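Notes follow the structure.
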Amino acid sequence: GKGVVFSAICETQAIYGLLVAVLLLVFSGLLSGNYTITVAVGLAAIGCGLSIGLAGISAIGQGIAASAGIGATAENPELFGKGVVFAAICETQAIYGLLVAILLMSFTGMFTGELITTLAAGVVAIGCGVAVGFAGFSAIGQGIAAAAGIGATAEKPEIFGKGIVFAAICETQAIYGLLVAILLMAFTGLITNDMTMTLAVGFAAIGGGLAVGLAGLSAIGQGIAGASGIAATSENEAMFGKGVVFAAVCETQAIYGLLVAILMMAFTGIITGDFVTTVSVGIASIGAGLAVGLGGFSAIGQGITCASGIAATSRHPEAMGRSLVFAAMSETFAIFGLLVAILILFGLGIFSL
């Protein structure tokens, strides 16, 4: 029975996806045959699908955590509740995706019937979906850390709180994605129904979404480091602070992605309302987003290095400095991606617009 509960937890992402799909079918008129939707609304529907669909992959991390919970509960039934808590943490990314999808349906007029007609607004919606959707992959790293937390709690129940901290660190990437999605909706006029944005801004929104969304996969490396930190802390609680430092090193890639996304919003006029009109600028912004976003994958290798660094520091505390040097080597690839993204934006001249 308890095993079924753990298995059922991972079902919720699929239910969210089904719910959004049904809502799209109903409110777009596909079920009734009343085809009055606009191209802009169609693009917004793609944004909704990307938002909840990509974020639904968070169930992979939830499954990893739930698997550890089943094993721990089999040995000690009293761990059932704590195992569910660890597994449930990985649910939040899917909830963020569902939230953004519903907001997009609401602000593009699907629920009210007052459908938007501005093509650029639909493109912005895709940017929102990409931001929160790809950032939802962070739950994979969170699940890795949560599984280690369950194992450590099974051996030392007092380590539960610190295990939650390591698992929660991987949440920040998803929050960055949600933040960018909401900022895009707010400053482009989707929330206020002030549809004056240009197509160039729509493409820039996709670039910003890719920057913060793809960089959000850095949480996988962070989760690997966090799992090692939990294991070291369970053996020696003095390792908690050092473990957090190693795990936090893998956060920088996500910060680079967030930085580039904000720069795009600022200098393409999304934040100021003075929108750029040159479509080529928006398209080039997608390239900048890919540069820093894909460069963020370097955090996975960095997390593996940090995990070994934590283990080495646990045995020999004086090894921490040298371990951080090795971890920093993987950082260079993310810096290259950030550099290329900034050079693209600088070459476009948007800093002087």
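Letters A, B, ... mark the chains of the structure tokens in the order given; residue numbers begin at 1 per chain; ligand numbers begin at 1, in order shown.
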* For Leu119 in chain A, please output as a VMD selection string all residues within 9 Å (counting only C-alpha atoms; exclusion window: fewer than 5 positions along the same chain). => chain A and resid 38 to 41 43 124 198 to 199 202
* Quick one: residues within 8 Å of Ala148 in chain A, only C-alpha atoms counted, chain neighbours fewer than 4 positions away excluded, as a ChimeraX atom specification? -> /A:68,144,152,163,227-228,230-231
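Here the question is which of A:Gly207, A:Gly337, A:Gly71, A:Gly223 gets nearest to Gly243 in chain A using only C-alpha atoms, and that residue is A:Gly223.
Near range 46-60 of chain A, within 7 Å and counting only C-alpha atoms, sit Cys10, Gln13, Ala14, Gly17, Cys90, Gln93, Ala94, Gly97, Leu98, Val100, Ala101, Leu104, Ala125, Ile126, Cys128, Gly129, Val130, Val132, Gly133, Phe134, Gly136, Phe137, Ala139 and Ile140 of chain A; same-chain residues fewer than 6 positions away were not included.
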Since we have the selection now, will you write its residues out, keeping N, CA and C atoms, as a PDB file, in the first residue's frame?
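The resulting file, part.pdb, is reproduced below:
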ATOM      1  N   CYS A  10       4.112  10.195  -8.592  1.00  0.00           N
ATOM      2  CA  CYS A  10       4.681  10.571  -9.894  1.00  0.00           C
ATOM      3  C   CYS A  10       3.617  10.674 -10.985  1.00  0.00           C
ATOM      4  N   GLN A  13       2.093  14.677 -12.419  1.00  0.00           N
ATOM      5  CA  GLN A  13       2.560  15.450 -13.568  1.00  0.00           C
ATOM      6  C   GLN A  13       1.761  15.120 -14.825  1.00  0.00           C
ATOM      7  N   ALA A  14       1.450  13.829 -14.998  1.00  0.00           N
ATOM      8  CA  ALA A  14       0.659  13.415 -16.158  1.00  0.00           C
ATOM      9  C   ALA A  14      -0.755  13.972 -16.070  1.00  0.00           C
ATOM     10  N   GLY A  17      -0.695  17.551 -17.120  1.00  0.00           N
ATOM     11  CA  GLY A  17      -0.628  17.652 -18.573  1.00  0.00           C
ATOM     12  C   GLY A  17      -1.964  17.368 -19.226  1.00  0.00           C
ATOM     13  N   CYS A  90       9.965  17.430  -5.129  1.00  0.00           N
ATOM     14  CA  CYS A  90      10.202  17.439  -6.582  1.00  0.00           C
ATOM     15  C   CYS A  90       8.931  17.719  -7.381  1.00  0.00           C
ATOM     16  N   GLN A  93       8.199  21.841  -9.316  1.00  0.00           N
ATOM     17  CA  GLN A  93       8.503  22.271 -10.683  1.00  0.00           C
ATOM     18  C   GLN A  93       7.297  22.081 -11.598  1.00  0.00           C
ATOM     19  N   ALA A  94       6.592  20.965 -11.431  1.00  0.00           N
ATOM     20  CA  ALA A  94       5.401  20.714 -12.239  1.00  0.00           C
ATOM     21  C   ALA A  94       4.294  21.708 -11.892  1.00  0.00           C
ATOM     22  N   GLY A  97       4.978  24.855 -13.686  1.00  0.00           N
ATOM     23  CA  GLY A  97       4.594  24.729 -15.087  1.00  0.00           C
ATOM     24  C   GLY A  97       3.094  24.835 -15.272  1.00  0.00           C
ATOM     25  N   LEU A  98       2.328  24.203 -14.385  1.00  0.00           N
ATOM     26  CA  LEU A  98       0.868  24.274 -14.440  1.00  0.00           C
ATOM     27  C   LEU A  98       0.387  25.697 -14.217  1.00  0.00           C
ATOM     28  N   VAL A 100       1.979  28.560 -14.801  1.00  0.00           N
ATOM     29  CA  VAL A 100       2.263  29.406 -15.967  1.00  0.00           C
ATOM     30  C   VAL A 100       1.314  29.077 -17.118  1.00  0.00           C
ATOM     31  N   ALA A 101       1.036  27.800 -17.321  1.00  0.00           N
ATOM     32  CA  ALA A 101       0.124  27.400 -18.392  1.00  0.00           C
ATOM     33  C   ALA A 101      -1.267  28.009 -18.185  1.00  0.00           C
ATOM     34  N   LEU A 104      -1.185  31.759 -18.795  1.00  0.00           N
ATOM     35  CA  LEU A 104      -1.144  32.061 -20.224  1.00  0.00           C
ATOM     36  C   LEU A 104      -2.520  31.904 -20.860  1.00  0.00           C
ATOM     37  N   ALA A 125       4.466  34.091 -25.255  1.00  0.00           N
ATOM     38  CA  ALA A 125       3.948  32.975 -24.466  1.00  0.00           C
ATOM     39  C   ALA A 125       4.830  31.738 -24.617  1.00  0.00           C
ATOM     40  N   ILE A 126       5.365  31.530 -25.825  1.00  0.00           N
ATOM     41  CA  ILE A 126       6.282  30.413 -26.031  1.00  0.00           C
ATOM     42  C   ILE A 126       7.538  30.620 -25.190  1.00  0.00           C
ATOM     43  N   CYS A 128       7.733  32.179 -22.368  1.00  0.00           N
ATOM     44  CA  CYS A 128       7.361  31.892 -20.980  1.00  0.00           C
ATOM     45  C   CYS A 128       7.355  30.385 -20.724  1.00  0.00           C
ATOM     46  N   GLY A 129       6.781  29.646 -21.671  1.00  0.00           N
ATOM     47  CA  GLY A 129       6.711  28.197 -21.525  1.00  0.00           C
ATOM     48  C   GLY A 129       8.078  27.545 -21.503  1.00  0.00           C
ATOM     49  N   VAL A 130       8.967  28.036 -22.360  1.00  0.00           N
ATOM     50  CA  VAL A 130      10.327  27.499 -22.421  1.00  0.00           C
ATOM     51  C   VAL A 130      11.080  27.779 -21.117  1.00  0.00           C
ATOM     52  N   VAL A 132       9.966  28.284 -17.911  1.00  0.00           N
ATOM     53  CA  VAL A 132       9.560  27.486 -16.748  1.00  0.00           C
ATOM     54  C   VAL A 132       9.604  25.985 -17.056  1.00  0.00           C
ATOM     55  N   GLY A 133       9.435  25.621 -18.328  1.00  0.00           N
ATOM     56  CA  GLY A 133       9.439  24.210 -18.697  1.00  0.00           C
ATOM     57  C   GLY A 133      10.805  23.565 -18.570  1.00  0.00           C
ATOM     58  N   PHE A 134      11.804  24.143 -19.249  1.00  0.00           N
ATOM     59  CA  PHE A 134      13.152  23.583 -19.165  1.00  0.00           C
ATOM     60  C   PHE A 134      13.713  23.683 -17.742  1.00  0.00           C
ATOM     61  N   GLY A 136      12.180  23.208 -15.192  1.00  0.00           N
ATOM     62  CA  GLY A 136      11.591  22.119 -14.428  1.00  0.00           C
ATOM     63  C   GLY A 136      12.446  20.864 -14.396  1.00  0.00           C
ATOM     64  N   PHE A 137      13.405  20.775 -15.342  1.00  0.00           N
ATOM     65  CA  PHE A 137      14.326  19.635 -15.340  1.00  0.00           C
ATOM     66  C   PHE A 137      15.190  19.630 -14.078  1.00  0.00           C
ATOM     67  N   ALA A 139      14.338  19.339 -11.256  1.00  0.00           N
ATOM     68  CA  ALA A 139      13.824  18.353 -10.305  1.00  0.00           C
ATOM     69  C   ALA A 139      14.594  17.041 -10.377  1.00  0.00           C
ATOM     70  N   ILE A 140      15.276  16.791 -11.500  1.00  0.00           N
ATOM     71  CA  ILE A 140      16.074  15.564 -11.599  1.00  0.00           C
ATOM     72  C   ILE A 140      17.208  15.620 -10.574  1.00  0.00           C
TER      73      ILE A 140
END
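Interatomic distance, CA of Thr278 in chain A against CA of Met264 in chain A: 13.9 Å.
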